[in-house]
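Note: the block below is coords26.cif and it holds mmCIF, C-alpha atoms.
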data_entry
loop_
_atom_site.group_PDB
_atom_site.id
_atom_site.type_symbol
_atom_site.label_atom_id
_atom_site.label_comp_id
_atom_site.auth_asym_id
_atom_site.auth_seq_id
_atom_site.Cartn_x
_atom_site.Cartn_y
_atom_site.Cartn_z
ATOM 1 C CA MET A 1 100.975 105.855 107.710
ATOM 2 C CA GLU A 2 104.750 106.387 107.676
ATOM 3 C CA LYS A 3 106.623 106.531 104.349
ATOM 4 C CA ILE A 4 108.732 103.482 105.222
ATOM 5 C CA ASP A 5 105.558 101.527 106.055
ATOM 6 C CA ILE A 6 104.220 102.244 102.574
ATOM 7 C CA ILE A 7 107.358 100.864 100.916
ATOM 8 C CA SER A 8 107.218 97.747 103.123
ATOM 9 C CA LYS A 9 103.619 97.075 101.977
ATOM 10 C CA LEU A 10 104.483 97.167 98.272
ATOM 11 C CA PRO A 11 104.024 93.802 96.543
ATOM 12 C CA TYR A 12 107.565 93.873 95.098
ATOM 13 C CA SER A 13 111.076 92.887 96.145
ATOM 14 C CA LYS A 14 114.556 93.315 94.698
ATOM 15 C CA PRO A 15 115.358 93.216 91.840
ATOM 16 C CA PHE A 16 111.864 94.397 90.873
ATOM 17 C CA LEU A 17 111.355 97.003 93.597
ATOM 18 C CA PHE A 18 111.821 100.411 91.969
ATOM 19 C CA VAL A 19 111.209 102.705 94.962
ATOM 20 C CA ASP A 20 114.153 103.959 97.011
ATOM 21 C CA LYS A 21 112.480 106.797 98.854
ATOM 22 C CA ILE A 22 109.143 108.546 99.231
ATOM 23 C CA ILE A 23 109.843 112.259 99.531
ATOM 24 C CA LYS A 24 106.281 113.369 100.229
ATOM 25 C CA ILE A 25 102.824 111.888 100.074
ATOM 26 C CA ASP A 26 99.288 113.017 100.839
ATOM 27 C CA GLU A 27 95.750 112.260 99.615
ATOM 28 C CA ASN A 28 96.398 114.201 96.383
ATOM 29 C CA GLY A 29 99.713 112.787 95.234
ATOM 30 C CA VAL A 30 103.174 111.440 95.861
ATOM 31 C CA GLU A 31 106.785 112.222 95.064
ATOM 32 C CA GLY A 32 109.483 109.569 95.201
ATOM 33 C CA GLU A 33 112.950 108.629 93.988
ATOM 34 C CA TYR A 34 114.742 105.700 92.432
ATOM 35 C CA THR A 35 118.355 105.272 91.298
ATOM 36 C CA PHE A 36 119.058 102.829 88.467
ATOM 37 C CA ASP A 37 121.934 100.570 89.518
ATOM 38 C CA ALA A 38 124.270 99.905 86.586
ATOM 39 C CA ASP A 39 124.331 96.195 87.522
ATOM 40 C CA LEU A 40 120.637 95.627 86.757
ATOM 41 C CA ASP A 41 120.286 92.718 84.314
ATOM 42 C CA PHE A 42 118.377 94.562 81.601
ATOM 43 C CA TYR A 43 121.357 96.854 80.950
ATOM 44 C CA LYS A 44 123.386 93.886 79.677
ATOM 45 C CA GLY A 45 121.373 93.733 76.463
ATOM 46 C CA HIS A 46 119.571 97.074 76.092
ATOM 47 C CA PHE A 47 121.540 98.376 74.118
ATOM 48 C CA LYS A 48 124.803 96.550 73.432
ATOM 49 C CA ASP A 49 127.762 98.714 74.533
ATOM 50 C CA ASN A 50 125.450 101.713 75.181
ATOM 51 C CA PRO A 51 122.955 100.751 77.912
ATOM 52 C CA VAL A 52 119.685 102.670 78.189
ATOM 53 C CA THR A 53 116.809 102.012 80.593
ATOM 54 C CA PRO A 54 113.909 100.357 78.713
ATOM 55 C CA GLY A 55 110.703 102.397 78.479
ATOM 56 C CA VAL A 56 108.698 99.608 80.077
ATOM 57 C CA ILE A 57 110.932 99.873 83.164
ATOM 58 C CA LEU A 58 110.422 103.650 83.284
ATOM 59 C CA ILE A 59 106.663 103.005 83.233
ATOM 60 C CA GLU A 60 107.077 100.466 86.028
ATOM 61 C CA VAL A 61 108.969 102.987 88.172
ATOM 62 C CA MET A 62 106.236 105.586 87.606
ATOM 63 C CA ALA A 63 103.554 103.010 88.381
ATOM 64 C CA GLN A 64 105.227 101.777 91.588
ATOM 65 C CA ILE A 65 105.868 105.265 92.962
ATOM 66 C CA GLY A 66 103.049 107.248 91.397
ATOM 67 C CA LEU A 67 100.223 104.742 91.580
ATOM 68 C CA VAL A 68 100.920 101.843 93.962
ATOM 69 C CA CYS A 69 102.547 103.897 96.743
ATOM 70 C CA LEU A 70 99.684 106.386 96.550
ATOM 71 C CA GLY A 71 97.132 103.548 96.491
ATOM 72 C CA VAL A 72 98.661 101.969 99.608
ATOM 73 C CA PHE A 73 98.553 105.364 101.338
ATOM 74 C CA LEU A 74 94.923 105.979 100.354
ATOM 75 C CA LEU A 75 93.792 102.484 101.370
ATOM 76 C CA ASN A 76 95.863 102.680 104.570
ATOM 77 C CA GLU A 77 94.958 99.785 106.893
ATOM 78 C CA LYS A 78 92.856 98.017 104.245
ATOM 79 C CA VAL A 79 96.044 96.838 102.477
ATOM 80 C CA ASN A 80 97.147 93.332 103.423
ATOM 81 C CA LYS A 81 98.973 90.377 101.841
ATOM 82 C CA ASN A 82 95.816 89.425 99.899
ATOM 83 C CA THR A 83 95.397 92.859 98.319
ATOM 84 C CA LEU A 84 96.142 92.784 94.604
ATOM 85 C CA MET A 85 96.882 95.841 92.537
ATOM 86 C CA ALA A 86 96.797 95.720 88.758
ATOM 87 C CA LEU A 87 97.872 98.217 86.139
ATOM 88 C CA THR A 88 94.962 98.889 83.794
ATOM 89 C CA SER A 89 96.155 101.589 81.398
ATOM 90 C CA THR A 90 99.023 103.912 80.564
ATOM 91 C CA GLU A 91 99.527 106.797 78.204
ATOM 92 C CA ILE A 92 103.151 107.884 78.454
ATOM 93 C CA GLU A 93 105.270 110.171 76.294
ATOM 94 C CA PHE A 94 109.034 109.544 76.383
ATOM 95 C CA LEU A 95 111.261 112.611 76.004
ATOM 96 C CA LYS A 96 114.776 111.699 77.173
ATOM 97 C CA PRO A 97 116.773 108.531 77.837
ATOM 98 C CA VAL A 98 117.685 107.343 81.331
ATOM 99 C CA PHE A 99 121.125 105.785 81.735
ATOM 100 C CA PRO A 100 122.674 103.477 84.351
ATOM 101 C CA ASN A 101 123.371 105.121 87.738
ATOM 102 C CA GLU A 102 120.875 107.952 87.109
ATOM 103 C CA LYS A 103 118.536 109.012 89.889
ATOM 104 C CA VAL A 104 115.005 109.908 88.842
ATOM 105 C CA THR A 105 112.184 111.596 90.713
ATOM 106 C CA VAL A 106 108.560 110.695 90.047
ATOM 107 C CA HIS A 107 105.786 113.215 90.673
ATOM 108 C CA SER A 108 102.218 111.942 90.726
ATOM 109 C CA GLN A 109 98.966 113.845 91.071
ATOM 110 C CA LYS A 110 95.718 112.001 91.723
ATOM 111 C CA ILE A 111 93.078 112.552 89.054
ATOM 112 C CA TYR A 112 90.533 110.329 90.807
ATOM 113 C CA PHE A 113 90.197 107.354 93.148
ATOM 114 C CA ARG A 114 86.778 105.712 93.058
ATOM 115 C CA PHE A 115 85.287 102.235 92.863
ATOM 116 C CA GLY A 116 88.733 100.742 93.464
ATOM 117 C CA LYS A 117 90.307 102.508 90.474
ATOM 118 C CA LEU A 118 93.089 105.071 90.837
ATOM 119 C CA LYS A 119 94.126 107.319 87.960
ATOM 120 C CA CYS A 120 97.096 109.694 88.200
ATOM 121 C CA LYS A 121 98.966 112.229 86.147
ATOM 122 C CA VAL A 122 102.649 111.277 86.416
ATOM 123 C CA SER A 123 105.995 112.687 85.364
ATOM 124 C CA MET A 124 109.600 111.608 85.815
ATOM 125 C CA GLN A 125 112.536 113.998 86.079
ATOM 126 C CA ASN A 126 116.254 113.341 85.955
ATOM 127 C CA GLU A 127 118.717 114.989 88.338
ATOM 128 C CA LYS A 128 118.943 118.020 86.018
ATOM 129 C CA LYS A 129 115.183 118.522 86.610
ATOM 130 C CA GLU A 130 114.493 117.667 82.950
ATOM 131 C CA ILE A 131 111.273 115.787 82.205
ATOM 132 C CA VAL A 132 112.190 112.276 81.059
ATOM 133 C CA CYS A 133 108.638 111.030 80.491
ATOM 134 C CA SER A 134 105.111 111.957 81.493
ATOM 135 C CA GLY A 135 101.476 110.975 81.037
ATOM 136 C CA THR A 136 98.721 109.134 82.885
ATOM 137 C CA ILE A 137 98.605 105.756 84.626
ATOM 138 C CA SER A 138 95.584 103.896 85.970
ATOM 139 C CA GLY A 139 95.266 100.843 88.163
ATOM 140 C CA MET A 140 92.729 98.842 90.165
ATOM 141 C CA VAL A 141 92.658 97.309 93.608
ATOM 142 C CA ILE A 142 91.348 93.753 93.518
#
Rewrite the structure of this file - the entire thing - as structure tokens.
Amino acid sequence: MEKIDIISKLPYSKPFLFVDKIIKIDENGVEGEYTFDADLDFYKGHFKDNPVTPGVILIEVMAQIGLVCLGVFLLNEKVNKNTLMALTSTEIEFLKPVFPNEKVTVHSQKIYFRFGKLKCKVSMQNEKKEIVCSGTISGMVI
């Protein structure tokens, strides 16, 4: 499956699609990028006069790239418009803020994929190659 095909099969659209590019992907993990546009609505109120990307959005970026993209790749042709993917658990440590117009790279390593559940070790780096946040994310295919 081509990288662009994976992005087209994601169950998201703008403004909630947080995957710009898949750099590499195989059965063991994925690496992808996203740049936070300064015009995204959540920056208008988080925080006043000093916008910072909310942690829940950072988790969403890691989940979309590190879990859903990998899940689509692993399921391959079994993914269709009726396939549902649900986040089941996260354990994330936040280390640095992410500001408007920053590009981040998500690295994900599969821990296991069985019985429709995918669990991955994920990390996010900024352009300086500093770890922004890291941990584990799990999800299920329904």
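Closest to Leu118 of chain A among A:Thr90, A:Thr53, A:Ser138, A:Asn28 is A:Ser138, based on all atoms listed in the file.
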Would you mind listing what lies within 9 Å of segment 55-59 of chain A as a compact mmCIF listing (two decimals) with C-alpha atoms, keeping the file's coordinate frame, with all atoms listed in the file counted and same-chain residues fewer than 5 positions away left out?
# COMPACT_ATOMS: atom_id res chain seq x y z
CA PHE A 18 111.82 100.41 91.97
CA GLN A 64 105.23 101.78 91.59
CA THR A 90 99.02 103.91 80.56
CA ILE A 92 103.15 107.88 78.45
CA PHE A 94 109.03 109.54 76.38
CA PRO A 97 116.77 108.53 77.84
CA VAL A 98 117.68 107.34 81.33
CA MET A 124 109.60 111.61 85.82
CA CYS A 133 108.64 111.03 80.49
CA ILE A 137 98.60 105.76 84.63
Checklist entry - Pick from A:Gln125, A:Thr136, A:Ser13, A:Gln109: nearest to Gly29 of chain A, with only C-alpha atoms counted? => result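 Once distances to Gly29 of chain A are computed over only C-alpha atoms, the minimum belongs to A:Gln109.
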Checklist entry - With only C-alpha atoms as the basis for distance, which of A:Val104, A:Ile23, A:Val79, A:Leu67 is at the shortest distance from Val132 of chain A? => result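 Ranking A:Val104, A:Ile23, A:Val79, A:Leu67 by distance to Val132 of chain A, first place goes to A:Val104.
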Next on the checklist: Please enumerate the residues selected by the PyMOL selection byres ((chain A and resi 81) around 10) when evaluated against the supplied file, formatted as a list in words.
Outcome noted: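 Expected selection for the PyMOL selection byres ((chain A and resi 81) around 10) here is Lys9, Leu10, Pro11, Val79, Asn80, Asn82, Thr83 and Leu84 of chain A.
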Item to check | Top pick for closest residue to Val141 of chain A, considering A:Phe36, A:Phe42, A:Phe73, A:Phe115 and counting all atoms listed in the file | outcome: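 Between A:Phe36, A:Phe42, A:Phe73, A:Phe115, the residue approaching Val141 of chain A most closely is A:Phe115.
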Checklist entry - Pick from A:Glu77, A:Asp5, A:Asp20, A:Glu27: nearest to Lys110 of chain A, with all atoms listed in the file counted? => result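 So, comparing all the options, the nearest one is A:Glu27.
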Next on the checklist: Let me make sure I understand: among A:Leu17, A:Ala86, A:Val72, A:Val106, which one has the smallest atom-to-atom distance to Ser123 of chain A if we use only C-alpha atoms?
Outcome noted: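 For Ser123 of chain A, the nearest of the given residues is A:Val106.
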Checklist entry - What is the distance between atom CA of Tyr12 of chain A and atom CA of Cys120 of chain A, in Å to one decimal? => result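 These atoms are spaced 20.2 Å apart.
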Shell of 9 Å around Gly116 of chain A, only C-alpha atoms, local chain residues under 6 positions omitted, as a PDB file with C-alpha atoms, keeping the file's coordinate frame:
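That gives us selection-v4.pdb:
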ATOM      1  CA  GLY A 139      95.266 100.843  88.163  1.00  0.00           C
ATOM      2  CA  MET A 140      92.729  98.842  90.165  1.00  0.00           C
ATOM      3  CA  VAL A 141      92.658  97.309  93.608  1.00  0.00           C
ATOM      4  CA  ILE A 142      91.348  93.753  93.518  1.00  0.00           C
TER       5      ILE A 142
END
Regenerate segment 108-119 of chain A at the level of all heavy atoms and dump it as an mmCIF file, in the coordinates of the input.
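Just written: part01.cif:
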data_model
loop_
_atom_site.group_PDB
_atom_site.id
_atom_site.type_symbol
_atom_site.label_atom_id
_atom_site.label_comp_id
_atom_site.auth_asym_id
_atom_site.auth_seq_id
_atom_site.Cartn_x
_atom_site.Cartn_y
_atom_site.Cartn_z
ATOM 1 N N SER A 108 103.528 112.473 91.083
ATOM 2 C CA SER A 108 102.218 111.942 90.726
ATOM 3 C C SER A 108 101.130 112.796 91.365
ATOM 4 O O SER A 108 101.232 113.152 92.537
ATOM 5 C CB SER A 108 102.097 110.496 91.217
ATOM 6 O OG SER A 108 100.817 109.981 90.975
ATOM 7 N N GLN A 109 100.115 113.080 90.580
ATOM 8 C CA GLN A 109 98.966 113.845 91.071
ATOM 9 C C GLN A 109 97.707 113.030 90.806
ATOM 10 O O GLN A 109 97.445 112.639 89.666
ATOM 11 C CB GLN A 109 98.890 115.188 90.350
ATOM 12 C CG GLN A 109 97.755 116.048 90.801
ATOM 13 C CD GLN A 109 97.727 117.373 90.030
ATOM 14 O OE1 GLN A 109 98.499 117.619 89.122
ATOM 15 N NE2 GLN A 109 96.799 118.227 90.408
ATOM 16 N N LYS A 110 96.950 112.781 91.852
ATOM 17 C CA LYS A 110 95.718 112.001 91.723
ATOM 18 C C LYS A 110 94.723 112.748 90.840
ATOM 19 O O LYS A 110 94.453 113.925 91.040
ATOM 20 C CB LYS A 110 95.105 111.745 93.101
ATOM 21 C CG LYS A 110 93.813 110.942 93.075
ATOM 22 C CD LYS A 110 93.264 110.715 94.462
ATOM 23 C CE LYS A 110 92.726 112.018 95.016
ATOM 24 N NZ LYS A 110 92.103 111.892 96.331
ATOM 25 N N ILE A 111 94.180 112.036 89.862
ATOM 26 C CA ILE A 111 93.078 112.552 89.054
ATOM 27 C C ILE A 111 91.774 112.119 89.715
ATOM 28 O O ILE A 111 90.894 112.930 89.954
ATOM 29 C CB ILE A 111 93.169 112.065 87.594
ATOM 30 C CG1 ILE A 111 94.451 112.599 86.944
ATOM 31 C CG2 ILE A 111 91.923 112.481 86.806
ATOM 32 C CD1 ILE A 111 94.762 112.025 85.575
ATOM 33 N N TYR A 112 91.676 110.809 90.025
ATOM 34 C CA TYR A 112 90.533 110.329 90.807
ATOM 35 C C TYR A 112 90.869 108.984 91.436
ATOM 36 O O TYR A 112 91.767 108.275 90.999
ATOM 37 C CB TYR A 112 89.255 110.214 89.967
ATOM 38 C CG TYR A 112 89.290 109.208 88.836
ATOM 39 C CD1 TYR A 112 89.140 107.840 89.067
ATOM 40 C CD2 TYR A 112 89.443 109.631 87.522
ATOM 41 C CE1 TYR A 112 89.165 106.933 88.028
ATOM 42 C CE2 TYR A 112 89.459 108.730 86.476
ATOM 43 C CZ TYR A 112 89.321 107.377 86.738
ATOM 44 O OH TYR A 112 89.347 106.468 85.706
ATOM 45 N N PHE A 113 90.150 108.665 92.500
ATOM 46 C CA PHE A 113 90.197 107.354 93.148
ATOM 47 C C PHE A 113 88.770 107.012 93.540
ATOM 48 O O PHE A 113 88.227 107.587 94.483
ATOM 49 C CB PHE A 113 91.105 107.387 94.381
ATOM 50 C CG PHE A 113 91.219 106.046 95.075
ATOM 51 C CD1 PHE A 113 91.502 104.894 94.367
ATOM 52 C CD2 PHE A 113 91.060 105.960 96.443
ATOM 53 C CE1 PHE A 113 91.617 103.667 95.002
ATOM 54 C CE2 PHE A 113 91.165 104.740 97.102
ATOM 55 C CZ PHE A 113 91.449 103.596 96.376
ATOM 56 N N ARG A 114 88.156 106.120 92.781
ATOM 57 C CA ARG A 114 86.778 105.712 93.058
ATOM 58 C C ARG A 114 86.543 104.302 92.548
ATOM 59 O O ARG A 114 87.140 103.879 91.570
ATOM 60 C CB ARG A 114 85.783 106.704 92.452
ATOM 61 C CG ARG A 114 85.867 106.849 90.958
ATOM 62 C CD ARG A 114 84.805 107.854 90.446
ATOM 63 N NE ARG A 114 84.937 108.040 89.029
ATOM 64 C CZ ARG A 114 85.488 109.087 88.438
ATOM 65 N NH1 ARG A 114 85.963 110.072 89.150
ATOM 66 N NH2 ARG A 114 85.567 109.160 87.128
ATOM 67 N N PHE A 115 85.653 103.603 93.225
ATOM 68 C CA PHE A 115 85.287 102.235 92.863
ATOM 69 C C PHE A 115 86.512 101.333 92.686
ATOM 70 O O PHE A 115 86.539 100.469 91.823
ATOM 71 C CB PHE A 115 84.419 102.211 91.596
ATOM 72 C CG PHE A 115 83.215 103.092 91.676
ATOM 73 C CD1 PHE A 115 83.085 104.182 90.832
ATOM 74 C CD2 PHE A 115 82.223 102.861 92.611
ATOM 75 C CE1 PHE A 115 81.977 105.015 90.906
ATOM 76 C CE2 PHE A 115 81.110 103.684 92.698
ATOM 77 C CZ PHE A 115 80.985 104.762 91.843
ATOM 78 N N GLY A 116 87.532 101.560 93.506
ATOM 79 C CA GLY A 116 88.733 100.742 93.464
ATOM 80 C C GLY A 116 89.687 101.076 92.334
ATOM 81 O O GLY A 116 90.674 100.371 92.127
ATOM 82 N N LYS A 117 89.419 102.128 91.569
ATOM 83 C CA LYS A 117 90.307 102.508 90.474
ATOM 84 C C LYS A 117 90.965 103.851 90.777
ATOM 85 O O LYS A 117 90.302 104.813 91.139
ATOM 86 C CB LYS A 117 89.547 102.595 89.151
ATOM 87 C CG LYS A 117 90.470 102.845 87.976
ATOM 88 C CD LYS A 117 89.786 102.655 86.640
ATOM 89 C CE LYS A 117 90.793 102.821 85.517
ATOM 90 N NZ LYS A 117 90.198 102.630 84.209
ATOM 91 N N LEU A 118 92.295 103.867 90.611
ATOM 92 C CA LEU A 118 93.089 105.071 90.837
ATOM 93 C C LEU A 118 93.699 105.494 89.510
ATOM 94 O O LEU A 118 94.295 104.677 88.804
ATOM 95 C CB LEU A 118 94.198 104.782 91.855
ATOM 96 C CG LEU A 118 95.187 105.898 92.169
ATOM 97 C CD1 LEU A 118 94.483 107.137 92.731
ATOM 98 C CD2 LEU A 118 96.244 105.394 93.145
ATOM 99 N N LYS A 119 93.530 106.762 89.172
ATOM 100 C CA LYS A 119 94.126 107.319 87.960
ATOM 101 C C LYS A 119 94.940 108.540 88.360
ATOM 102 O O LYS A 119 94.470 109.383 89.128
ATOM 103 C CB LYS A 119 93.051 107.718 86.949
ATOM 104 C CG LYS A 119 93.632 108.231 85.638
ATOM 105 C CD LYS A 119 92.536 108.461 84.605
ATOM 106 C CE LYS A 119 93.153 108.882 83.276
ATOM 107 N NZ LYS A 119 92.114 109.018 82.235
#
